[in-house]
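Report on one structure; see the data block that follows.
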Amino acid sequence: MKRLSISLLLVTLFQLANAQRAVVHGDFADPSVIKVGDTYYSSATSSNWAPAFPIMRSTDLKNWQQTGSIFPDLTSWADFYYWAPELSYENGKVYAYYTAHKKGGNLCVGVASADSPEGPFKDHGPLVCQEVGSIDGFPVRDENNKLHLIWKEDGNSVNKPTPIWIQPMNEERTALTGKKRELFRNDTRWEANLVEGVSVIKNNGYFYAIYAAAGCCGPGCTYATGIARSKKLMGPWEKYTGNPILTGRSDWMCPGHGTAITHQGKNYFMYHAYDRASNKYTGRQALIQGFEFTADNWIRFTDEYLSPTDSSTTYTITDDFDKDKLDLQWSWSVFNKPAFQLKDGRIGMQLNDDRETFIARKINSQNYEATVETIPVKNALTGVALIGDDKNLIYAAAKQDSIRIMLIKNGAKSSLGTFPVAATGKHVFLKMNVENNTEIRFSYSLNGSDFTALNIASPDITYLPPWDRAVRAGILAKGVQGEVAVVEGFVFKSN
């Protein structure tokens, strides 16, 4: 019996050691990766969070650190849906092909360039804008070294097929030239209503298109990854009869939309998937898995996974706002950039109108807590929030005489409780505890250690994450125009 127990323990330890872990935790969808010198750089969808498109850096593909963003101040032509940046590096220049929603129009593929992967990037505007939308741009050179752009026509948004198009592009990357041509579209059962996220590589005389298909997002997702090949970039393209070649298994579901990269002589694919336990609440996270070319010139994914040195999701982050710049992990809505000032170990958020203003951070587990230390003012609520987007959030915030808990669903506001608290001239600590993704509690303290529960009926917060994003924890302020909400500290604990 003892021998059996030891064997089971060894098997369990082996499985844990070889389990696939996210290399970038939480809300990092549609990742793209390039290598410049000895360093790898990656970016991903930011959707309606700003700054747009975080830039991550790594020397081993396992451990990543954010260094900035492609668009700290967004672009002049687009207003929202900053999706799927595709990084490219040629002749000492870095290019970022990206999707965004054109003001007064629809989704377009644009391009920006920089002399360094860490920027600053110069935006060159949209390259292609079709009536139903154009997304997921990918640059590639054909067998004659001519530069082209591949993209998806977003037909699924109007219940139509989704052609994958290709068209020549000038060397300046400022315009498409010639005529577009269709490479393939969703025409097999497993692909369902779409194909998208094409990444092209070349090996042994073949071009290979690694692509995603079916439903990308949310708990009902059906996303998977397929492969097609062609001797010539313009086709004809042949889809693998064994598709899909990458599907959900073990701890991860709905894998797809990524970029191939080589590391130490091996081939890897960086893509996103949902963690089964935290699912839509933490969003699509970045994974890296090995692949190889088969004897019959197809692609097969292996069981080799790259994982960070520290894969723990238990940690504590403290921000005392004692630097001259806001930490790169903070983000805000593309529709409501906060005006703030960092001074004397505090952040002051200037209120411009009577709507909720917030800054927020990603989460990466189903159990966590966040605490905001504020100095309440008379005409503003300041506190802690769990945020899906501008119209879907829940928060506890303090004024000098009370604490209010509010729930906003599809823009409709509901008060969950008002609690009298004499806080004039005092610091108030507001804490939010989340368990199992959906169970939320609030409490407060006047000394930072002894917390009193703010008892409310258990709210349903399953609606919070937007279809293409995750929830975030952050700091919220709301009040009279011209008032300044003051926060001295923020602590986030992932359990």
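Identifiers for the structure tokens are assigned positionally: chains receive A, B, ... in sequence, residues are indexed from 1 per chain, and ligands are indexed from 1 in the order shown.
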Closest contacts (range 33-114 of chain A/range 191-207 of chain A, max 12 Å, only C-alpha atoms) as JSON lines:
```
{"residue": "A:Val33", "atom": "CA", "partner": "A:Ser199", "partner_atom": "CA", "distance": 11.0}
{"residue": "A:Thr45", "atom": "CA", "partner": "A:Gly197", "partner_atom": "CA", "distance": 12.0}
{"residue": "A:Trp83", "atom": "CA", "partner": "A:Gly197", "partner_atom": "CA", "distance": 10.8}
{"residue": "A:Ala84", "atom": "CA", "partner": "A:Gly197", "partner_atom": "CA", "distance": 8.1}
{"residue": "A:Pro85", "atom": "CA", "partner": "A:Gly197", "partner_atom": "CA", "distance": 10.5}
{"residue": "A:Glu86", "atom": "CA", "partner": "A:Ser199", "partner_atom": "CA", "distance": 9.2}
{"residue": "A:Leu87", "atom": "CA", "partner": "A:Ser199", "partner_atom": "CA", "distance": 11.2}
{"residue": "A:Ser88", "atom": "CA", "partner": "A:Ser199", "partner_atom": "CA", "distance": 11.5}
{"residue": "A:Tyr98", "atom": "CA", "partner": "A:Gly197", "partner_atom": "CA", "distance": 11.4}
{"residue": "A:Thr99", "atom": "CA", "partner": "A:Gly197", "partner_atom": "CA", "distance": 11.3}
```
Would you kindly return, as a PDB file with C-alpha atoms, in the first residue's frame, each protein, DNA or RNA residue with an atom no farther than 7 Å from any atom of Pro72 in chain A, considering only C-alpha atoms and excluding same-chain residues fewer than 3 positions away?
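Printed below is around_2.pdb as written:
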```
ATOM      1  CA  PRO A  51      -2.947  52.296 -23.142  1.00  0.00           C
ATOM      2  CA  ALA A  52      -3.326  50.186 -26.278  1.00  0.00           C
ATOM      3  CA  SER A  69       2.753  49.966 -24.911  1.00  0.00           C
TER       4      SER A  69
END
```
Report task. As a PyMOL selection string, list the residues of range 192-329 of chain A assigned to strand (DSSP E or B) by DSSP on the backbone atoms of this structure. Result -> chain A and resi 195-203+206-213+224-230+238-239+246+249+252-263+266-275+284-293+299-306+315-319
Store the residues picked out above in a file with C-alpha atoms, as a short mmCIF file (atom, residue, chain, number, x, y, z; two decimals), in the first residue's frame.
```cif
data_model
loop_
_atom_site.label_atom_id
_atom_site.label_comp_id
_atom_site.auth_asym_id
_atom_site.auth_seq_id
_atom_site.Cartn_x
_atom_site.Cartn_y
_atom_site.Cartn_z
CA VAL A 195 -11.61 31.43 -39.67
CA GLU A 196 -9.21 34.12 -38.45
CA GLY A 197 -5.89 34.92 -36.80
CA VAL A 198 -3.68 33.60 -39.61
CA SER A 199 0.06 33.24 -38.93
CA VAL A 200 2.24 32.14 -41.86
CA ILE A 201 5.59 30.35 -41.70
CA LYS A 202 7.69 28.60 -44.35
CA ASN A 203 9.48 25.22 -44.26
CA TYR A 206 5.77 24.99 -48.19
CA PHE A 207 3.97 28.00 -46.77
CA TYR A 208 1.98 27.02 -43.68
CA ALA A 209 -0.98 29.01 -42.38
CA ILE A 210 -1.68 28.35 -38.71
CA TYR A 211 -5.17 29.73 -38.11
CA ALA A 212 -7.97 29.83 -35.56
CA ALA A 213 -11.63 28.96 -36.11
CA ALA A 224 -9.46 25.62 -31.97
CA THR A 225 -6.42 25.76 -34.25
CA GLY A 226 -6.00 24.41 -37.76
CA ILE A 227 -3.33 24.28 -40.44
CA ALA A 228 -3.29 24.80 -44.21
CA ARG A 229 -0.38 24.68 -46.65
CA SER A 230 0.60 25.77 -50.14
CA GLU A 238 -4.80 22.78 -48.88
CA LYS A 239 -6.30 22.30 -45.43
CA LEU A 246 -4.75 22.05 -31.36
CA ARG A 249 -7.35 19.74 -22.98
CA TRP A 252 -6.86 24.92 -20.82
CA MET A 253 -9.71 25.41 -23.27
CA CYS A 254 -10.32 27.11 -26.63
CA PRO A 255 -6.69 27.56 -27.82
CA GLY A 256 -5.89 29.71 -30.80
CA HIS A 257 -4.70 32.92 -32.52
CA GLY A 258 -0.97 33.14 -32.09
CA THR A 259 2.44 33.41 -33.72
CA ALA A 260 5.20 30.91 -34.43
CA ILE A 261 8.73 31.58 -33.14
CA THR A 262 12.01 29.68 -32.92
CA HIS A 263 14.02 29.38 -29.71
CA LYS A 266 13.16 24.53 -31.74
CA ASN A 267 9.78 25.67 -33.03
CA TYR A 268 7.19 27.11 -30.67
CA PHE A 269 3.74 28.63 -30.98
CA MET A 270 2.60 31.45 -28.69
CA TYR A 271 -1.20 31.57 -28.46
CA HIS A 272 -4.02 32.20 -26.02
CA ALA A 273 -6.46 29.96 -24.16
CA TYR A 274 -8.84 30.08 -21.19
CA ASP A 275 -7.92 28.56 -17.87
CA ARG A 284 -7.54 34.55 -22.47
CA GLN A 285 -3.98 33.99 -21.26
CA ALA A 286 -0.74 33.46 -23.21
CA LEU A 287 0.72 29.96 -23.57
CA ILE A 288 3.72 28.62 -25.49
CA GLN A 289 3.82 25.11 -26.92
CA GLY A 290 6.28 23.29 -29.14
CA PHE A 291 5.56 21.99 -32.62
CA GLU A 292 7.41 20.04 -35.28
CA PHE A 293 7.21 19.38 -39.00
CA ILE A 299 2.70 20.33 -38.54
CA ARG A 300 2.23 18.46 -35.27
CA PHE A 301 2.07 20.04 -31.81
CA THR A 302 4.23 18.36 -29.17
CA ASP A 303 3.83 18.04 -25.41
CA GLU A 304 6.69 20.46 -24.76
CA TYR A 305 5.48 23.57 -22.95
CA LEU A 306 7.40 26.64 -21.88
CA TYR A 315 1.32 36.95 -4.64
CA THR A 316 0.84 40.46 -3.26
CA ILE A 317 1.25 43.74 -5.15
CA THR A 318 1.47 47.04 -3.30
CA ASP A 319 1.38 50.47 -4.94
#
```
Requested in this report: Please identify all polymer residues within 10 Å of Ser312 in chain A, counting only C-alpha atoms, omitting same-chain residues fewer than 5 positions from it, and present them as a list in words.
Outcome: Arg21, Ser494 and Asn495 of chain A
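Using only C-alpha atoms, the contacts of Gly68 in chain A at a cut-off of 8 Å, with sequence neighbours closer than 4 positions omitted, comprise Pro54, Ile55, Met56, Pro72, Glu118 and Leu328 of chain A.
Across the model, the gap from CA of Thr371 in chain A to CA of Phe429 in chain A is 6.5 Å.
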Report task. Please provide the set of residues having any atom within 7 Å of range 176-188 of chain A, restricted to only C-alpha atoms, with same-chain residues fewer than 3 positions apart removed, written as a ChimeraX atom specification. Result -> /A:127,161-170,191-195,234-235,237
Write out the residues from the selection above, keeping C-alpha atoms, as a CSV table (one decimal), in the first residue's frame.
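New file selection10.csv:
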```
chain,number,residue,atom,x,y,z
A,127,LEU,CA,-4.4,49.9,-44.6
A,161,PRO,CA,-18.5,33.6,-44.4
A,162,THR,CA,-15.1,34.9,-43.5
A,163,PRO,CA,-12.7,35.0,-46.4
A,164,ILE,CA,-9.0,35.3,-45.7
A,165,TRP,CA,-7.6,37.8,-48.1
A,166,ILE,CA,-4.1,38.7,-49.4
A,167,GLN,CA,-2.9,41.7,-51.2
A,168,PRO,CA,0.5,43.2,-52.1
A,169,MET,CA,1.8,46.0,-49.9
A,170,ASN,CA,4.4,48.6,-50.6
A,191,GLU,CA,-14.5,25.9,-38.4
A,192,ALA,CA,-18.2,26.8,-37.8
A,193,ASN,CA,-18.9,30.5,-38.5
A,194,LEU,CA,-15.3,31.8,-39.0
A,195,VAL,CA,-11.6,31.4,-39.7
A,234,MET,CA,-1.2,32.8,-53.6
A,235,GLY,CA,-2.3,29.2,-53.5
A,237,TRP,CA,-4.1,26.2,-50.3
```
Query - 7 Å contact set for Asn48 in chain A, only C-alpha atoms, chain neighbours under 2 positions out, as a VMD selection string - result: chain A and resid 46 50 80 to 82 333 to 334
Same residues, N, CA and C atoms, saved as a short mmCIF file (atom, residue, chain, number, x, y, z; two decimals), in the first residue's frame:
```cif
data_model
loop_
_atom_site.label_atom_id
_atom_site.label_comp_id
_atom_site.auth_asym_id
_atom_site.auth_seq_id
_atom_site.Cartn_x
_atom_site.Cartn_y
_atom_site.Cartn_z
N SER A 46 -5.70 44.63 -26.46
CA SER A 46 -6.08 45.38 -25.26
C SER A 46 -7.55 45.79 -25.31
N ALA A 50 -6.97 51.02 -22.20
CA ALA A 50 -5.83 51.83 -22.62
C ALA A 50 -4.80 51.86 -21.48
N PHE A 80 -12.08 52.58 -30.58
CA PHE A 80 -12.13 51.47 -29.64
C PHE A 80 -11.82 50.16 -30.35
N TYR A 81 -11.93 49.04 -29.63
CA TYR A 81 -11.61 47.70 -30.13
C TYR A 81 -10.19 47.63 -30.71
N TYR A 82 -9.22 47.83 -29.85
CA TYR A 82 -7.82 47.68 -30.26
C TYR A 82 -7.44 46.21 -30.12
N SER A 333 -10.23 52.99 -19.22
CA SER A 333 -11.13 52.85 -20.35
C SER A 333 -10.70 53.76 -21.50
N VAL A 334 -10.80 53.26 -22.74
CA VAL A 334 -10.51 54.10 -23.90
C VAL A 334 -11.53 55.23 -24.02
#
```
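Backbone DSSP over range 267-402 of chain A yields alpha helix (DSSP H) at Asn279, Lys280, Tyr281 and Thr282 of chain A.
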Those residues you just picked out, can you put them in a file as an mmCIF file, in the first residue's frame with C-alpha atoms?
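Wrote out08.cif, looks like this:
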```cif
data_model
loop_
_atom_site.group_PDB
_atom_site.id
_atom_site.type_symbol
_atom_site.label_atom_id
_atom_site.label_comp_id
_atom_site.auth_asym_id
_atom_site.auth_seq_id
_atom_site.Cartn_x
_atom_site.Cartn_y
_atom_site.Cartn_z
ATOM 1 C CA ASN A 279 -12.435 30.961 -17.379
ATOM 2 C CA LYS A 280 -13.897 34.249 -18.656
ATOM 3 C CA TYR A 281 -13.101 36.095 -15.431
ATOM 4 C CA THR A 282 -9.332 36.063 -15.983
#
```
